[in-house]
$ cat coords10.pdb   # PDB, N, CA, C and O atoms
ATOM      1  N   MET E 994     -26.061-118.480 186.772
ATOM      2  CA  MET E 994     -26.802-119.437 185.988
ATOM      3  C   MET E 994     -27.790-120.222 186.865
ATOM      4  O   MET E 994     -28.892-120.493 186.438
ATOM      5  N   ALA E 995     -27.335-120.568 188.063
ATOM      6  CA  ALA E 995     -28.217-121.310 188.971
ATOM      7  C   ALA E 995     -29.436-120.477 189.344
ATOM      8  O   ALA E 995     -30.555-121.009 189.430
ATOM      9  N   THR E 996     -29.227-119.182 189.530
ATOM     10  CA  THR E 996     -30.344-118.293 189.854
ATOM     11  C   THR E 996     -31.346-118.254 188.719
ATOM     12  O   THR E 996     -32.564-118.307 188.940
ATOM     13  N   GLN E 997     -30.867-118.185 187.508
ATOM     14  CA  GLN E 997     -31.755-118.163 186.347
ATOM     15  C   GLN E 997     -32.529-119.470 186.238
ATOM     16  O   GLN E 997     -33.714-119.468 185.903
ATOM     17  N   LEU E 998     -31.877-120.585 186.516
ATOM     18  CA  LEU E 998     -32.548-121.877 186.480
ATOM     19  C   LEU E 998     -33.640-121.945 187.543
ATOM     20  O   LEU E 998     -34.754-122.397 187.275
ATOM     21  N   ALA E 999     -33.321-121.479 188.751
ATOM     22  CA  ALA E 999     -34.318-121.476 189.824
ATOM     23  C   ALA E 999     -35.505-120.604 189.452
ATOM     24  O   ALA E 999     -36.659-120.979 189.691
ATOM     25  N   GLU E1000     -35.244-119.447 188.860
ATOM     26  CA  GLU E1000     -36.332-118.563 188.437
ATOM     27  C   GLU E1000     -37.174-119.217 187.344
ATOM     28  O   GLU E1000     -38.398-119.131 187.358
ATOM     29  N   ALA E1001     -36.533-119.870 186.406
ATOM     30  CA  ALA E1001     -37.264-120.536 185.317
ATOM     31  C   ALA E1001     -38.149-121.660 185.853
ATOM     32  O   ALA E1001     -39.254-121.876 185.363
ATOM     33  N   LEU E1002     -37.662-122.358 186.850
ATOM     34  CA  LEU E1002     -38.432-123.454 187.453
ATOM     35  C   LEU E1002     -39.391-122.971 188.529
ATOM     36  O   LEU E1002     -40.155-123.766 189.079
ATOM     37  N   GLU E1003     -39.297-121.665 188.845
ATOM     38  CA  GLU E1003     -40.127-121.050 189.873
ATOM     39  C   GLU E1003     -39.962-121.732 191.226
ATOM     40  O   GLU E1003     -40.925-122.055 191.919
ATOM     41  N   VAL E1004     -38.700-121.971 191.587
ATOM     42  CA  VAL E1004     -38.355-122.508 192.901
ATOM     43  C   VAL E1004     -37.264-121.623 193.484
ATOM     44  O   VAL E1004     -36.624-120.859 192.776
ATOM     45  N   SER E1005     -37.026-121.759 194.786
ATOM     46  CA  SER E1005     -35.944-120.989 195.400
ATOM     47  C   SER E1005     -34.611-121.644 195.064
ATOM     48  O   SER E1005     -34.529-122.838 194.758
ATOM     49  N   LEU E1006     -33.577-120.851 195.164
ATOM     50  CA  LEU E1006     -32.231-121.380 194.929
ATOM     51  C   LEU E1006     -31.885-122.434 195.984
ATOM     52  O   LEU E1006     -31.262-123.452 195.666
ATOM     53  N   ASP E1007     -32.304-122.200 197.223
ATOM     54  CA  ASP E1007     -32.080-123.184 198.285
ATOM     55  C   ASP E1007     -32.726-124.524 197.943
ATOM     56  O   ASP E1007     -32.134-125.580 198.147
ATOM     57  N   TYR E1008     -33.938-124.473 197.427
ATOM     58  CA  TYR E1008     -34.635-125.705 197.061
ATOM     59  C   TYR E1008     -33.920-126.394 195.906
ATOM     60  O   TYR E1008     -33.757-127.614 195.900
ATOM     61  N   LEU E1009     -33.464-125.599 194.953
ATOM     62  CA  LEU E1009     -32.790-126.147 193.774
ATOM     63  C   LEU E1009     -31.516-126.896 194.156
ATOM     64  O   LEU E1009     -31.235-127.963 193.609
ATOM     65  N   VAL E1010     -30.755-126.359 195.094
ATOM     66  CA  VAL E1010     -29.494-127.005 195.475
ATOM     67  C   VAL E1010     -29.655-127.891 196.712
ATOM     68  O   VAL E1010     -28.677-128.306 197.327
ATOM     69  N   ARG E1011     -30.884-128.156 197.070
ATOM     70  CA  ARG E1011     -31.238-129.074 198.161
ATOM     71  C   ARG E1011     -30.740-128.621 199.531
ATOM     72  O   ARG E1011     -30.423-129.430 200.388
ATOM     73  N   SER E1012     -30.686-127.305 199.733
ATOM     74  CA  SER E1012     -30.373-126.785 201.071
ATOM     75  C   SER E1012     -31.614-126.804 201.943
ATOM     76  O   SER E1012     -31.539-126.628 203.144
ATOM     77  N   THR E1013     -32.773-126.984 201.315
ATOM     78  CA  THR E1013     -34.039-127.080 202.033
ATOM     79  C   THR E1013     -34.951-128.029 201.278
ATOM     80  O   THR E1013     -34.806-128.226 200.073
ATOM     81  N   ASP E1014     -35.869-128.633 201.986
ATOM     82  CA  ASP E1014     -36.840-129.494 201.321
ATOM     83  C   ASP E1014     -38.213-128.831 201.275
ATOM     84  O   ASP E1014     -39.199-129.445 200.914
ATOM     85  N   VAL E1015     -38.259-127.560 201.640
ATOM     86  CA  VAL E1015     -39.506-126.816 201.648
ATOM     87  C   VAL E1015     -39.664-126.085 200.322
ATOM     88  O   VAL E1015     -38.835-125.263 199.951
ATOM     89  N   LEU E1016     -40.701-126.414 199.617
ATOM     90  CA  LEU E1016     -41.010-125.753 198.354
ATOM     91  C   LEU E1016     -42.121-124.744 198.608
ATOM     92  O   LEU E1016     -43.249-125.110 198.933
ATOM     93  N   LEU E1017     -41.769-123.473 198.530
ATOM     94  CA  LEU E1017     -42.742-122.410 198.779
ATOM     95  C   LEU E1017     -43.427-122.022 197.477
ATOM     96  O   LEU E1017     -42.767-121.833 196.460
ATOM     97  N   GLU E1018     -44.746-121.903 197.545
ATOM     98  CA  GLU E1018     -45.486-121.452 196.376
ATOM     99  C   GLU E1018     -45.204-119.974 196.151
ATOM    100  O   GLU E1018     -45.165-119.182 197.089
ATOM    101  N   LYS E1019     -45.024-119.618 194.896
ATOM    102  CA  LYS E1019     -44.645-118.255 194.544
ATOM    103  C   LYS E1019     -45.677-117.234 195.034
ATOM    104  O   LYS E1019     -45.314-116.182 195.553
ATOM    105  N   ASN E1020     -46.964-117.553 194.904
ATOM    106  CA  ASN E1020     -47.987-116.598 195.328
ATOM    107  C   ASN E1020     -47.978-116.382 196.843
ATOM    108  O   ASN E1020     -48.258-115.299 197.331
ATOM    109  N   ILE E1021     -47.586-117.400 197.604
ATOM    110  CA  ILE E1021     -47.495-117.258 199.046
ATOM    111  C   ILE E1021     -46.306-116.376 199.417
ATOM    112  O   ILE E1021     -46.403-115.524 200.305
ATOM    113  N   VAL E1022     -45.206-116.558 198.725
ATOM    114  CA  VAL E1022     -44.026-115.727 198.976
ATOM    115  C   VAL E1022     -44.359-114.270 198.715
ATOM    116  O   VAL E1022     -43.993-113.381 199.504
ATOM    117  N   PHE E1023     -45.063-113.985 197.622
ATOM    118  CA  PHE E1023     -45.440-112.608 197.312
ATOM    119  C   PHE E1023     -46.351-112.023 198.386
ATOM    120  O   PHE E1023     -46.233-110.854 198.747
ATOM    121  N   LYS E1024     -47.249-112.838 198.931
ATOM    122  CA  LYS E1024     -48.129-112.355 199.997
ATOM    123  C   LYS E1024     -47.331-112.033 201.257
ATOM    124  O   LYS E1024     -47.594-111.045 201.930
ATOM    125  N   ILE E1025     -46.352-112.874 201.569
ATOM    126  CA  ILE E1025     -45.513-112.616 202.739
ATOM    127  C   ILE E1025     -44.738-111.319 202.556
ATOM    128  O   ILE E1025     -44.625-110.514 203.483
ATOM    129  N   LEU E1026     -44.216-111.111 201.356
ATOM    130  CA  LEU E1026     -43.491-109.865 201.083
ATOM    131  C   LEU E1026     -44.411-108.657 201.221
ATOM    132  O   LEU E1026     -43.999-107.614 201.730
ATOM    133  N   ASP E1027     -45.655-108.794 200.787
ATOM    134  CA  ASP E1027     -46.624-107.700 200.954
ATOM    135  C   ASP E1027     -46.913-107.437 202.426
ATOM    136  O   ASP E1027     -47.030-106.291 202.857
ATOM    137  N   ILE E1028     -47.017-108.502 203.209
ATOM    138  CA  ILE E1028     -47.272-108.348 204.642
ATOM    139  C   ILE E1028     -46.117-107.614 205.316
ATOM    140  O   ILE E1028     -46.326-106.776 206.187
ATOM    141  N   GLN E1029     -44.899-107.899 204.901
ATOM    142  CA  GLN E1029     -43.740-107.229 205.481
ATOM    143  C   GLN E1029     -43.770-105.724 205.249
ATOM    144  O   GLN E1029     -43.195-104.971 206.024
ATOM    145  N   LYS E1030     -44.441-105.285 204.215
ATOM    146  CA  LYS E1030     -44.514-103.864 203.893
ATOM    147  C   LYS E1030     -45.553-103.128 204.736
ATOM    148  O   LYS E1030     -45.587-101.904 204.742
ATOM    149  N   LEU E1031     -46.391-103.875 205.453
ATOM    150  CA  LEU E1031     -47.433-103.259 206.264
ATOM    151  C   LEU E1031     -46.837-102.581 207.489
ATOM    152  O   LEU E1031     -45.732-102.900 207.932
ATOM    153  N   LYS E1032     -47.621-101.690 208.073
ATOM    154  CA  LYS E1032     -47.234-101.086 209.349
ATOM    155  C   LYS E1032     -47.244-102.174 210.410
ATOM    156  O   LYS E1032     -47.990-103.156 210.305
ATOM    157  N   GLU E1033     -46.424-102.003 211.441
ATOM    158  CA  GLU E1033     -46.270-103.016 212.484
ATOM    159  C   GLU E1033     -47.610-103.443 213.085
ATOM    160  O   GLU E1033     -47.865-104.640 213.262
ATOM    161  N   ASN E1034     -48.476-102.508 213.384
ATOM    162  CA  ASN E1034     -49.770-102.833 213.981
ATOM    163  C   ASN E1034     -50.603-103.712 213.041
ATOM    164  O   ASN E1034     -51.236-104.677 213.477
ATOM    165  N   ASP E1035     -50.595-103.394 211.754
ATOM    166  CA  ASP E1035     -51.346-104.189 210.779
ATOM    167  C   ASP E1035     -50.758-105.589 210.641
ATOM    168  O   ASP E1035     -51.486-106.574 210.519
ATOM    169  N   ARG E1036     -49.419-105.687 210.676
ATOM    170  CA  ARG E1036     -48.770-107.009 210.604
ATOM    171  C   ARG E1036     -49.181-107.865 211.791
ATOM    172  O   ARG E1036     -49.429-109.070 211.645
ATOM    173  N   GLN E1037     -49.258-107.263 212.968
ATOM    174  CA  GLN E1037     -49.655-108.016 214.160
ATOM    175  C   GLN E1037     -51.054-108.597 213.993
ATOM    176  O   GLN E1037     -51.316-109.732 214.394
ATOM    177  N   HIS E1038     -51.957-107.843 213.389
ATOM    178  CA  HIS E1038     -53.314-108.337 213.152
ATOM    179  C   HIS E1038     -53.313-109.500 212.162
ATOM    180  O   HIS E1038     -54.003-110.493 212.352
ATOM    181  N   VAL E1039     -52.535-109.368 211.114
ATOM    182  CA  VAL E1039     -52.461-110.431 210.101
ATOM    183  C   VAL E1039     -51.931-111.715 210.725
ATOM    184  O   VAL E1039     -52.473-112.798 210.511
ATOM    185  N   PHE E1040     -50.870-111.599 211.518
ATOM    186  CA  PHE E1040     -50.273-112.792 212.113
ATOM    187  C   PHE E1040     -51.082-113.339 213.286
ATOM    188  O   PHE E1040     -50.898-114.490 213.680
ATOM    189  N   ALA E1041     -51.985-112.565 213.817
ATOM    190  CA  ALA E1041     -52.837-113.058 214.901
ATOM    191  C   ALA E1041     -53.908-113.996 214.367
ATOM    192  O   ALA E1041     -54.371-114.875 215.088
ATOM    193  N   LEU E1042     -54.282-113.842 213.114
ATOM    194  CA  LEU E1042     -55.344-114.681 212.551
ATOM    195  C   LEU E1042     -55.044-116.169 212.608
ATOM    196  O   LEU E1042     -55.888-116.958 213.058
ATOM    197  N   PRO E1043     -53.873-116.638 212.195
ATOM    198  CA  PRO E1043     -53.614-118.090 212.281
ATOM    199  C   PRO E1043     -53.570-118.615 213.717
ATOM    200  O   PRO E1043     -53.796-119.795 213.952
ATOM    201  N   ASP E1044     -53.292-117.738 214.666
ATOM    202  CA  ASP E1044     -53.210-118.156 216.065
ATOM    203  C   ASP E1044     -54.587-118.347 216.722
ATOM    204  O   ASP E1044     -54.663-118.765 217.865
ATOM    205  N   THR E1045     -55.660-118.050 216.013
ATOM    206  CA  THR E1045     -57.000-118.154 216.603
ATOM    207  C   THR E1045     -57.537-119.574 216.634
ATOM    208  O   THR E1045     -58.594-119.812 217.176
ATOM    209  N   ASN E1046     -56.813-120.516 216.088
ATOM    210  CA  ASN E1046     -57.258-121.925 216.101
ATOM    211  C   ASN E1046     -57.298-122.457 217.465
ATOM    212  O   ASN E1046     -56.801-122.658 218.331
TER     213      ASN E1046
END
$ encode --input "coords10.pdb" --output "structure tokens"
Amino acid sequence: MATQLAEALEVSLDYLVRSTDVLLEKNIVFKILDIQKLKENDRQHVFALPDTN
């Protein structure tokens, strides 16, 4: 039931039960999951971009 509530509210179960105070946006989570599916070399390029600051 808690999982269904978290899904309905579009929050993580951890956030719902206050195990974390980080609220991740659903579209960002989906992008991270897509990045995980990339080949290792491509993932390295994606993660190198934020480090260019």
$ residues_around --input "coords10.pdb" --residues "Val1004 (chain E)" --least-positions-apart "2" --cutoff "8 Å" --atoms "all atoms listed in the file" --output "PyMOL selection string"
chain E and resi 995-1002+1006-1009+1015-1019
$ write_last_selection --input "coords10.pdb" --atoms "N, CA, C and O atoms" --output "compact mmCIF listing (two decimals), in the coordinates of the input"
# COMPACT_ATOMS: atom_id res chain seq x y z
N ALA E 995 -27.34 -120.57 188.06
CA ALA E 995 -28.22 -121.31 188.97
C ALA E 995 -29.44 -120.48 189.34
O ALA E 995 -30.56 -121.01 189.43
N THR E 996 -29.23 -119.18 189.53
CA THR E 996 -30.34 -118.29 189.85
C THR E 996 -31.35 -118.25 188.72
O THR E 996 -32.56 -118.31 188.94
N GLN E 997 -30.87 -118.18 187.51
CA GLN E 997 -31.76 -118.16 186.35
C GLN E 997 -32.53 -119.47 186.24
O GLN E 997 -33.71 -119.47 185.90
N LEU E 998 -31.88 -120.58 186.52
CA LEU E 998 -32.55 -121.88 186.48
C LEU E 998 -33.64 -121.94 187.54
O LEU E 998 -34.75 -122.40 187.28
N ALA E 999 -33.32 -121.48 188.75
CA ALA E 999 -34.32 -121.48 189.82
C ALA E 999 -35.51 -120.60 189.45
O ALA E 999 -36.66 -120.98 189.69
N GLU E 1000 -35.24 -119.45 188.86
CA GLU E 1000 -36.33 -118.56 188.44
C GLU E 1000 -37.17 -119.22 187.34
O GLU E 1000 -38.40 -119.13 187.36
N ALA E 1001 -36.53 -119.87 186.41
CA ALA E 1001 -37.26 -120.54 185.32
C ALA E 1001 -38.15 -121.66 185.85
O ALA E 1001 -39.25 -121.88 185.36
N LEU E 1002 -37.66 -122.36 186.85
CA LEU E 1002 -38.43 -123.45 187.45
C LEU E 1002 -39.39 -122.97 188.53
O LEU E 1002 -40.16 -123.77 189.08
N LEU E 1006 -33.58 -120.85 195.16
CA LEU E 1006 -32.23 -121.38 194.93
C LEU E 1006 -31.88 -122.43 195.98
O LEU E 1006 -31.26 -123.45 195.67
N ASP E 1007 -32.30 -122.20 197.22
CA ASP E 1007 -32.08 -123.18 198.28
C ASP E 1007 -32.73 -124.52 197.94
O ASP E 1007 -32.13 -125.58 198.15
N TYR E 1008 -33.94 -124.47 197.43
CA TYR E 1008 -34.64 -125.70 197.06
C TYR E 1008 -33.92 -126.39 195.91
O TYR E 1008 -33.76 -127.61 195.90
N LEU E 1009 -33.46 -125.60 194.95
CA LEU E 1009 -32.79 -126.15 193.77
C LEU E 1009 -31.52 -126.90 194.16
O LEU E 1009 -31.24 -127.96 193.61
N VAL E 1015 -38.26 -127.56 201.64
CA VAL E 1015 -39.51 -126.82 201.65
C VAL E 1015 -39.66 -126.08 200.32
O VAL E 1015 -38.84 -125.26 199.95
N LEU E 1016 -40.70 -126.41 199.62
CA LEU E 1016 -41.01 -125.75 198.35
C LEU E 1016 -42.12 -124.74 198.61
O LEU E 1016 -43.25 -125.11 198.93
N LEU E 1017 -41.77 -123.47 198.53
CA LEU E 1017 -42.74 -122.41 198.78
C LEU E 1017 -43.43 -122.02 197.48
O LEU E 1017 -42.77 -121.83 196.46
N GLU E 1018 -44.75 -121.90 197.54
CA GLU E 1018 -45.49 -121.45 196.38
C GLU E 1018 -45.20 -119.97 196.15
O GLU E 1018 -45.16 -119.18 197.09
N LYS E 1019 -45.02 -119.62 194.90
CA LYS E 1019 -44.64 -118.26 194.54
C LYS E 1019 -45.68 -117.23 195.03
O LYS E 1019 -45.31 -116.18 195.55
$ atom_distance --input "coords10.pdb" --atom1 "CA of Phe1023 (chain E)" --atom2 "CA of Leu1042 (chain E)"
18.3 Å
$ select_by_dssp --input "coords10.pdb" --residues "chain E" --states "helix (DSSP H, G or I)" --output "MDAnalysis selection string"
chainID E and resid 995:1002 1006:1009 1019:1029 1033:1041 1043:1045
$ atom_distance --input "coords10.pdb" --atom1 "atom O of Pro1043 (chain E)" --atom2 "atom N of Asp1014 (chain E)"
23.3 Å
$ atom_distance --input "coords10.pdb" --atom1 "CA of Asn1034 (chain E)" --atom2 "atom C of Val1022 (chain E)"
19.8 Å
